[in-house]
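Below you'll find the structure, written out as structure tokens, and then a few comments.
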Amino acid sequence: MNGNRLVGTLTGLAALMLVSSLPATTPGIPQAAPVSASAVADAPGIHRDALLWLTDLVRINTSNPPGSEQLAAKYVAGVLQKEGIKPEILDLALGRSAVVARLRSSVVPDPSKALLLVAHLDTVPVEKTRWTVDPFGAVIKDGYLYGRGAVDDKGMLAANLAVFVGLKRANAHINRDVIFLATADEEGGGDSSIRMLISRYWDKFAAGFAINEGGNVFMKNGKVQYIGVQASEKVAVNVSVVARGTSGHASQPTKDNAVVHLAAAIAKIGSYSSPVHFTAIVRRYFEGIAPLEDDEIAKWIRSMDTPDRGEHAQRVVSDFSPLWNAMMRDTVAPTVLSAGVANNVIPAEARANLNVRLLPGDSINTVVNELNKLVNDPAVKLEVQPNAGLAAPQSSLESDFYNVICQVASREFAGAPALPFQSTWLTDSAQLRLHNVQAYGLVPFPLADEDLKRMHGDDERIPLASFDKGVDVLTKIVTEFAVTRY
Ligand SMILES: [Zn+2]
């Protein structure tokens with residue numbers, strides 16, 4: 001806790017005392033200011049507690065697999081209980097649970113108005129030897145908190161908790177139900193994921209609006225360049241590449257060696273680039289990003305849609321940024337290879353996995369047809385794997401909640417523009433959108449590329465100042481949307 005925060009806390013407390021000392025309505029005296037986030041953000045001790053919760057959550061290892069989210073779910077439930085909120089643990093599988101809690105605005109709930117705060121309890125695993133600190137130690141060093149999940153997604157989880165508890169502590173008068181949901185198996189997308197949660201427990205968190213991870217506050221050269229508010233995401237499909245040949249003694253090589261055929265196929269697939277296709281969100285994103293970039297690349301971004309230079313411009317922009325490349329086309333990444341049983345045996349089969357990311361609305365069959373043409377080898381077959389993702393409708397860019405997110409974030413980050421964002425990565429929001437939730441992605445912490453890259457990588461960390469700022473911004477977004485007065 002720093003000095004400024006202390007002053008903020010006292011001001012907030014004073015405001016609370018003032019408001020509570022006034023009668024509910026006094027003729028001739030104007031009503032209390034309709035919306036102010038400060039009492040919630042400054043609810044006693046909330047910033048100090050948020051950091052404590054983040055620390056504790058990082059120390060509970062929820063690497064997925066196996067996830068084991070139940071411990072973290074119980075921890076979160078304990079925090080809520082201490083605040084006088086009644087949480088519910090939602091069991092999904094042995095040792096795997098989610099947790100939900102609700103602040104009510106009225107006796108009869110109106111799910112279509114309700115706001116859902118979503119974050120996931122699990123993290124990706126770590127390669128421990130590549131870390132310079134204990135990944136589950138929540139070490140604080142040089143102004144950062146280090147640990148798996150510090151950003152993805154325990155940072156957001158702790159921030160959601162801070163907003164939710166802050167509303168309760170400030171006794172905020174909410175005009176819609178606010179629901180806190182911590183999900184499981186987000187990183188695995190398996191039997192304990194949001195799909196299962198929706199199919200078993202939908203009534204407990206049905207909502208019209210949601211805020212979740214998925215978008216980011218992008219820093220460049222020490223300041224916020226733009227705020228990407230995720231309103232749509234790409235769809236993941238895995239495709240197996242299977243080469244078959246004749247097995248035999250490695251001392252007498254044959255031309256139909258499955259390993260050789262697979263390797264040739266993967267080499268061709270690796271050079272494949274699918275055609276560019278701008279979705280409405282991506283088009284708006286590029287319009288917004290061009291003025292923020294250097295003149296040279298901005299020129300190419302603006303030329304991508306022109307008939308004469310379009311194709312060349314698309315190539316320049318794709319080469320400039322892997323993110324931009326993936327935002328405007330379907331992508332195919334070979335990820336896993338498997339073949340062989342012994343050093344001296346030619347195997348009968350060799351396999352690879354392709355992780356395909358489709359733009360919403362694009363068909364996997366089109367991509368597979370193109371790849372088949374490219375590979376052009378009867379010994380190689382492509383097989384689409386089950387559990388392919390489903391394309392969800394995009395969230396509206398006209399909703400009140402989207403406008404509040406953009407206005408508040410832009411104001412809080414010194415006027416940096418808020419742009420609609422279509423993530424190349426997956427989140428729980430796709431499933432929510434499929435159930436008519438206007439879900440938006442915004443991890444509210446300002447992060448530079450250097451820190452964004454550590455998510456799912458080594459030495460994941462969050463700058464303490466960004467965490468604090470993010471808690472504030474998220475609080476302001478939620479109070480502006482859901483609080484009448486306090
Ligand atoms: Zn995540």
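Following the order of the structure tokens, first chain is A, next is B, and so on, with residues numbered from 1 inside each chain and ligands from 1 in the order they appear.
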
Which neighbours of Asn369 (chain A) fall inside 12 Å, counting only C-alpha atoms, when residues of the same chain fewer than 3 positions from it are skipped, and could you give them as a list in words?
Ser274, Ser363, Ile364, Asn365, Thr366, Asn372, Lys373, Leu374, Val375, Asn376, Lys381, Leu382, Glu383 and Val384 of chain A

With only C-alpha atoms as the counted atoms, please give the residues lying no more than 7 Å from Ile477 (chain A), apart from itself and same-chain residues fewer than 2 positions off, as a PyMOL selection string.
chain A and resi 404-405+408+473-475+479-481

Would you put the residues from that selection into a file with all heavy atoms, as a PDB file, in the first residue's frame?
ATOM      1  N   VAL A 404     -19.446   1.762 -22.112  1.00  0.00           N
ATOM      2  CA  VAL A 404     -18.885   2.100 -20.791  1.00  0.00           C
ATOM      3  C   VAL A 404     -17.439   1.620 -20.703  1.00  0.00           C
ATOM      4  O   VAL A 404     -16.546   2.358 -20.265  1.00  0.00           O
ATOM      5  CB  VAL A 404     -19.737   1.469 -19.662  1.00  0.00           C
ATOM      6  CG1 VAL A 404     -18.988   1.517 -18.330  1.00  0.00           C
ATOM      7  CG2 VAL A 404     -21.067   2.204 -19.529  1.00  0.00           C
ATOM      8  N   ILE A 405     -17.187   0.388 -21.133  1.00  0.00           N
ATOM      9  CA  ILE A 405     -15.815  -0.151 -21.069  1.00  0.00           C
ATOM     10  C   ILE A 405     -14.871   0.772 -21.842  1.00  0.00           C
ATOM     11  O   ILE A 405     -13.813   1.176 -21.348  1.00  0.00           O
ATOM     12  CB  ILE A 405     -15.754  -1.578 -21.658  1.00  0.00           C
ATOM     13  CG1 ILE A 405     -16.536  -2.558 -20.787  1.00  0.00           C
ATOM     14  CG2 ILE A 405     -14.303  -2.045 -21.781  1.00  0.00           C
ATOM     15  CD1 ILE A 405     -16.693  -3.953 -21.404  1.00  0.00           C
ATOM     16  N   VAL A 408     -14.593   4.469 -20.152  1.00  0.00           N
ATOM     17  CA  VAL A 408     -13.865   4.500 -18.886  1.00  0.00           C
ATOM     18  C   VAL A 408     -12.391   4.171 -19.120  1.00  0.00           C
ATOM     19  O   VAL A 408     -11.501   4.868 -18.626  1.00  0.00           O
ATOM     20  CB  VAL A 408     -14.484   3.511 -17.865  1.00  0.00           C
ATOM     21  CG1 VAL A 408     -13.610   3.395 -16.624  1.00  0.00           C
ATOM     22  CG2 VAL A 408     -15.893   3.959 -17.499  1.00  0.00           C
ATOM     23  N   VAL A 473      -9.344   0.552 -12.581  1.00  0.00           N
ATOM     24  CA  VAL A 473     -10.069   0.721 -13.848  1.00  0.00           C
ATOM     25  C   VAL A 473     -11.266  -0.225 -13.917  1.00  0.00           C
ATOM     26  O   VAL A 473     -12.371   0.176 -14.288  1.00  0.00           O
ATOM     27  CB  VAL A 473      -9.114   0.506 -15.047  1.00  0.00           C
ATOM     28  CG1 VAL A 473      -9.884   0.496 -16.355  1.00  0.00           C
ATOM     29  CG2 VAL A 473      -8.037   1.588 -15.066  1.00  0.00           C
ATOM     30  N   LEU A 474     -11.037  -1.461 -13.514  1.00  0.00           N
ATOM     31  CA  LEU A 474     -12.135  -2.440 -13.545  1.00  0.00           C
ATOM     32  C   LEU A 474     -13.249  -2.001 -12.595  1.00  0.00           C
ATOM     33  O   LEU A 474     -14.441  -2.124 -12.912  1.00  0.00           O
ATOM     34  CB  LEU A 474     -11.600  -3.825 -13.163  1.00  0.00           C
ATOM     35  CG  LEU A 474     -12.530  -4.993 -13.441  1.00  0.00           C
ATOM     36  CD1 LEU A 474     -12.854  -5.102 -14.924  1.00  0.00           C
ATOM     37  CD2 LEU A 474     -11.909  -6.309 -12.960  1.00  0.00           C
ATOM     38  N   THR A 475     -12.861  -1.479 -11.444  1.00  0.00           N
ATOM     39  CA  THR A 475     -13.852  -0.985 -10.482  1.00  0.00           C
ATOM     40  C   THR A 475     -14.686   0.124 -11.115  1.00  0.00           C
ATOM     41  O   THR A 475     -15.915   0.145 -10.995  1.00  0.00           O
ATOM     42  CB  THR A 475     -13.137  -0.428  -9.229  1.00  0.00           C
ATOM     43  OG1 THR A 475     -12.360  -1.470  -8.652  1.00  0.00           O
ATOM     44  CG2 THR A 475     -14.139   0.088  -8.215  1.00  0.00           C
ATOM     45  N   THR A 479     -18.656  -0.085 -11.667  1.00  0.00           N
ATOM     46  CA  THR A 479     -19.558   0.826 -10.934  1.00  0.00           C
ATOM     47  C   THR A 479     -20.326   1.720 -11.902  1.00  0.00           C
ATOM     48  O   THR A 479     -21.484   1.989 -11.716  1.00  0.00           O
ATOM     49  CB  THR A 479     -18.794   1.705  -9.919  1.00  0.00           C
ATOM     50  OG1 THR A 479     -17.638   2.224 -10.543  1.00  0.00           O
ATOM     51  CG2 THR A 479     -18.389   0.924  -8.699  1.00  0.00           C
ATOM     52  N   GLU A 480     -19.646   2.149 -12.964  1.00  0.00           N
ATOM     53  CA  GLU A 480     -20.350   3.029 -13.911  1.00  0.00           C
ATOM     54  C   GLU A 480     -21.507   2.286 -14.589  1.00  0.00           C
ATOM     55  O   GLU A 480     -22.517   2.872 -14.903  1.00  0.00           O
ATOM     56  CB  GLU A 480     -19.359   3.544 -14.972  1.00  0.00           C
ATOM     57  CG  GLU A 480     -19.887   4.764 -15.675  1.00  0.00           C
ATOM     58  CD  GLU A 480     -18.831   5.814 -15.921  1.00  0.00           C
ATOM     59  OE1 GLU A 480     -17.958   6.015 -15.053  1.00  0.00           O
ATOM     60  OE2 GLU A 480     -18.860   6.409 -17.000  1.00  0.00           O
ATOM     61  N   PHE A 481     -21.355   0.983 -14.748  1.00  0.00           N
ATOM     62  CA  PHE A 481     -22.398   0.214 -15.435  1.00  0.00           C
ATOM     63  C   PHE A 481     -23.459  -0.290 -14.453  1.00  0.00           C
ATOM     64  O   PHE A 481     -24.623  -0.421 -14.831  1.00  0.00           O
ATOM     65  CB  PHE A 481     -21.745  -0.972 -16.157  1.00  0.00           C
ATOM     66  CG  PHE A 481     -22.708  -1.753 -17.028  1.00  0.00           C
ATOM     67  CD1 PHE A 481     -23.392  -1.133 -18.056  1.00  0.00           C
ATOM     68  CD2 PHE A 481     -22.905  -3.112 -16.811  1.00  0.00           C
ATOM     69  CE1 PHE A 481     -24.267  -1.841 -18.867  1.00  0.00           C
ATOM     70  CE2 PHE A 481     -23.776  -3.834 -17.617  1.00  0.00           C
ATOM     71  CZ  PHE A 481     -24.469  -3.194 -18.635  1.00  0.00           C
TER      72      PHE A 481
END

Which residue is closest to Asn216 (chain A)? Choose from A:Asn238, A:Asn387, A:Gln422, A:Ser429 and count only C-alpha atoms.
A:Gln422

Can you list, as a ChimeraX atom specification, all residues belonging to region 180-272 of chain A that DSSP tags as strand (DSSP E)?
/A:180-183,209-220,223-233,235-244,248-249

Please produce a file of those selected residues containing N, CA and C atoms, as a CSV table (one decimal), in the first residue's frame.
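What follows is the written file result-v4.csv:
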chain,number,residue,atom,x,y,z
A,180,PHE,N,-20.2,-13.0,-9.6
A,180,PHE,CA,-18.8,-13.3,-9.6
A,180,PHE,C,-18.7,-14.8,-10.0
A,181,LEU,N,-17.9,-15.1,-11.0
A,181,LEU,CA,-17.7,-16.5,-11.4
A,181,LEU,C,-16.2,-16.8,-11.7
A,182,ALA,N,-15.7,-17.8,-11.0
A,182,ALA,CA,-14.4,-18.3,-11.2
A,182,ALA,C,-14.5,-19.7,-11.9
A,183,THR,N,-14.0,-19.9,-13.1
A,183,THR,CA,-14.2,-21.1,-13.9
A,183,THR,C,-13.0,-22.0,-13.7
A,209,PHE,N,-24.6,-9.7,-19.7
A,209,PHE,CA,-23.3,-9.1,-20.0
A,209,PHE,C,-22.2,-9.7,-19.2
A,210,ALA,N,-21.0,-9.7,-19.7
A,210,ALA,CA,-19.9,-10.3,-19.0
A,210,ALA,C,-18.6,-9.6,-19.3
A,211,ILE,N,-17.8,-9.5,-18.3
A,211,ILE,CA,-16.4,-9.1,-18.6
A,211,ILE,C,-15.4,-10.2,-18.2
A,212,ASN,N,-14.4,-10.4,-19.0
A,212,ASN,CA,-13.6,-11.6,-18.9
A,212,ASN,C,-12.2,-11.2,-19.4
A,213,GLU,N,-11.3,-12.1,-19.4
A,213,GLU,CA,-10.0,-11.9,-20.0
A,213,GLU,C,-10.2,-11.9,-21.6
A,214,GLY,N,-9.2,-11.7,-22.3
A,214,GLY,CA,-9.3,-11.8,-23.8
A,214,GLY,C,-8.8,-10.5,-24.5
A,215,GLY,N,-9.0,-9.3,-23.9
A,215,GLY,CA,-8.5,-8.1,-24.5
A,215,GLY,C,-7.4,-7.6,-23.6
A,216,ASN,N,-6.6,-6.6,-24.0
A,216,ASN,CA,-5.5,-6.1,-23.2
A,216,ASN,C,-5.4,-4.6,-23.3
A,217,VAL,N,-4.6,-4.1,-22.3
A,217,VAL,CA,-4.2,-2.7,-22.4
A,217,VAL,C,-2.8,-2.7,-22.9
A,218,PHE,N,-2.6,-2.3,-24.1
A,218,PHE,CA,-1.2,-2.5,-24.7
A,218,PHE,C,-0.4,-1.3,-24.5
A,219,MET,N,0.8,-1.6,-23.9
A,219,MET,CA,1.8,-0.5,-23.7
A,219,MET,C,2.8,-0.5,-24.8
A,220,LYS,N,3.3,0.7,-25.2
A,220,LYS,CA,4.4,0.8,-26.1
A,220,LYS,C,5.2,2.0,-25.7
A,223,LYS,N,4.1,4.0,-22.5
A,223,LYS,CA,2.7,4.5,-22.3
A,223,LYS,C,1.7,3.6,-23.0
A,224,VAL,N,0.4,3.8,-22.6
A,224,VAL,CA,-0.6,2.9,-23.2
A,224,VAL,C,-0.8,3.4,-24.6
A,225,GLN,N,-0.7,2.4,-25.6
A,225,GLN,CA,-0.9,2.8,-27.0
A,225,GLN,C,-2.4,2.7,-27.3
A,226,TYR,N,-3.0,1.6,-26.9
A,226,TYR,CA,-4.4,1.4,-27.1
A,226,TYR,C,-5.0,0.3,-26.2
A,227,ILE,N,-6.3,0.3,-26.1
A,227,ILE,CA,-7.0,-0.7,-25.3
A,227,ILE,C,-7.7,-1.5,-26.3
A,228,GLY,N,-7.4,-2.8,-26.3
A,228,GLY,CA,-8.1,-3.7,-27.2
A,228,GLY,C,-9.2,-4.4,-26.4
A,229,VAL,N,-10.5,-4.1,-26.8
A,229,VAL,CA,-11.6,-4.7,-26.1
A,229,VAL,C,-12.1,-5.9,-26.9
A,230,GLN,N,-11.9,-7.1,-26.4
A,230,GLN,CA,-12.2,-8.3,-27.2
A,230,GLN,C,-13.7,-8.5,-27.3
A,231,ALA,N,-14.2,-8.6,-28.5
A,231,ALA,CA,-15.7,-8.8,-28.7
A,231,ALA,C,-15.9,-10.0,-29.6
A,232,SER,N,-14.8,-10.7,-29.9
A,232,SER,CA,-15.0,-11.9,-30.8
A,232,SER,C,-13.6,-12.7,-30.7
A,233,GLU,N,-13.7,-13.9,-31.0
A,233,GLU,CA,-12.4,-14.7,-31.0
A,233,GLU,C,-12.4,-15.7,-32.1
A,235,VAL,N,-11.6,-19.5,-33.7
A,235,VAL,CA,-12.1,-20.9,-33.4
A,235,VAL,C,-10.9,-21.9,-33.6
A,236,ALA,N,-10.7,-22.7,-32.6
A,236,ALA,CA,-9.6,-23.7,-32.7
A,236,ALA,C,-10.1,-25.0,-33.2
A,237,VAL,N,-9.4,-25.6,-34.1
A,237,VAL,CA,-9.7,-27.0,-34.6
A,237,VAL,C,-8.4,-27.7,-34.7
A,238,ASN,N,-8.3,-28.9,-34.2
A,238,ASN,CA,-7.1,-29.7,-34.4
A,238,ASN,C,-7.3,-30.7,-35.6
A,239,VAL,N,-6.3,-30.8,-36.4
A,239,VAL,CA,-6.3,-31.7,-37.6
A,239,VAL,C,-5.1,-32.7,-37.5
A,240,SER,N,-5.4,-34.0,-37.6
A,240,SER,CA,-4.2,-34.9,-37.6
A,240,SER,C,-3.7,-35.1,-39.0
A,241,VAL,N,-2.5,-35.1,-39.2
A,241,VAL,CA,-1.9,-35.5,-40.5
A,241,VAL,C,-1.3,-36.9,-40.3
A,242,VAL,N,-1.8,-37.9,-41.0
A,242,VAL,CA,-1.4,-39.3,-40.8
A,242,VAL,C,-0.7,-39.8,-42.1
A,243,ALA,N,0.5,-40.2,-42.0
A,243,ALA,CA,1.2,-40.8,-43.1
A,243,ALA,C,1.4,-42.3,-42.9
A,244,ARG,N,1.1,-43.1,-43.9
A,244,ARG,CA,1.2,-44.5,-43.7
A,244,ARG,C,2.1,-45.1,-44.8
A,248,GLY,N,9.4,-51.9,-41.6
A,248,GLY,CA,10.5,-52.8,-42.0
A,248,GLY,C,11.8,-52.5,-41.2
A,249,HIS,N,12.8,-53.2,-41.7
A,249,HIS,CA,14.1,-53.1,-41.1
A,249,HIS,C,14.8,-51.8,-41.5

Excluding Lys453 (chain A) and any residue of its chain fewer than 4 positions from it, enumerate the residues within 12 Å of it, using only C-alpha atoms, and give them as a PyMOL selection string.
chain A and resi 151-152+218+323+447-449+457-462

Using DSSP assignments from the backbone, pull out every residue in region 89-224 of chain A that falls under helix (DSSP H, G or I) and give it to me as a PyMOL selection string.
chain A and resi 128-130+154-169+194-205

Selected residues written out, C-alpha atoms, as a compact mmCIF listing (two decimals), in the first residue's frame:
# COMPACT_ATOMS: atom_id res chain seq x y z
CA LYS A 128 10.30 -25.09 -13.86
CA THR A 129 13.98 -25.24 -14.82
CA ARG A 130 13.53 -22.30 -17.19
CA LYS A 154 -5.15 -15.03 -11.37
CA GLY A 155 -4.45 -11.32 -11.81
CA MET A 156 -7.90 -10.82 -13.29
CA LEU A 157 -9.39 -13.22 -10.75
CA ALA A 158 -8.01 -11.14 -7.88
CA ALA A 159 -9.15 -7.93 -9.59
CA ASN A 160 -12.68 -9.32 -10.07
CA LEU A 161 -12.69 -10.33 -6.43
CA ALA A 162 -11.57 -6.83 -5.42
CA VAL A 163 -14.35 -5.21 -7.45
CA PHE A 164 -16.97 -7.61 -6.13
CA VAL A 165 -15.89 -7.33 -2.49
CA GLY A 166 -15.46 -3.56 -2.93
CA LEU A 167 -19.12 -3.25 -3.96
CA LYS A 168 -20.14 -5.18 -0.87
CA ARG A 169 -17.90 -3.25 1.53
CA ILE A 194 -17.22 -23.65 -19.07
CA ARG A 195 -19.21 -25.95 -21.37
CA MET A 196 -19.82 -28.30 -18.47
CA LEU A 197 -20.45 -25.39 -16.14
CA ILE A 198 -23.11 -24.01 -18.48
CA SER A 199 -24.76 -27.35 -19.04
CA ARG A 200 -24.97 -28.13 -15.31
CA TYR A 201 -25.28 -24.77 -13.57
CA TRP A 202 -26.40 -22.14 -16.08
CA ASP A 203 -29.19 -20.79 -13.86
CA LYS A 204 -26.67 -19.85 -11.20
CA PHE A 205 -24.84 -17.37 -13.42
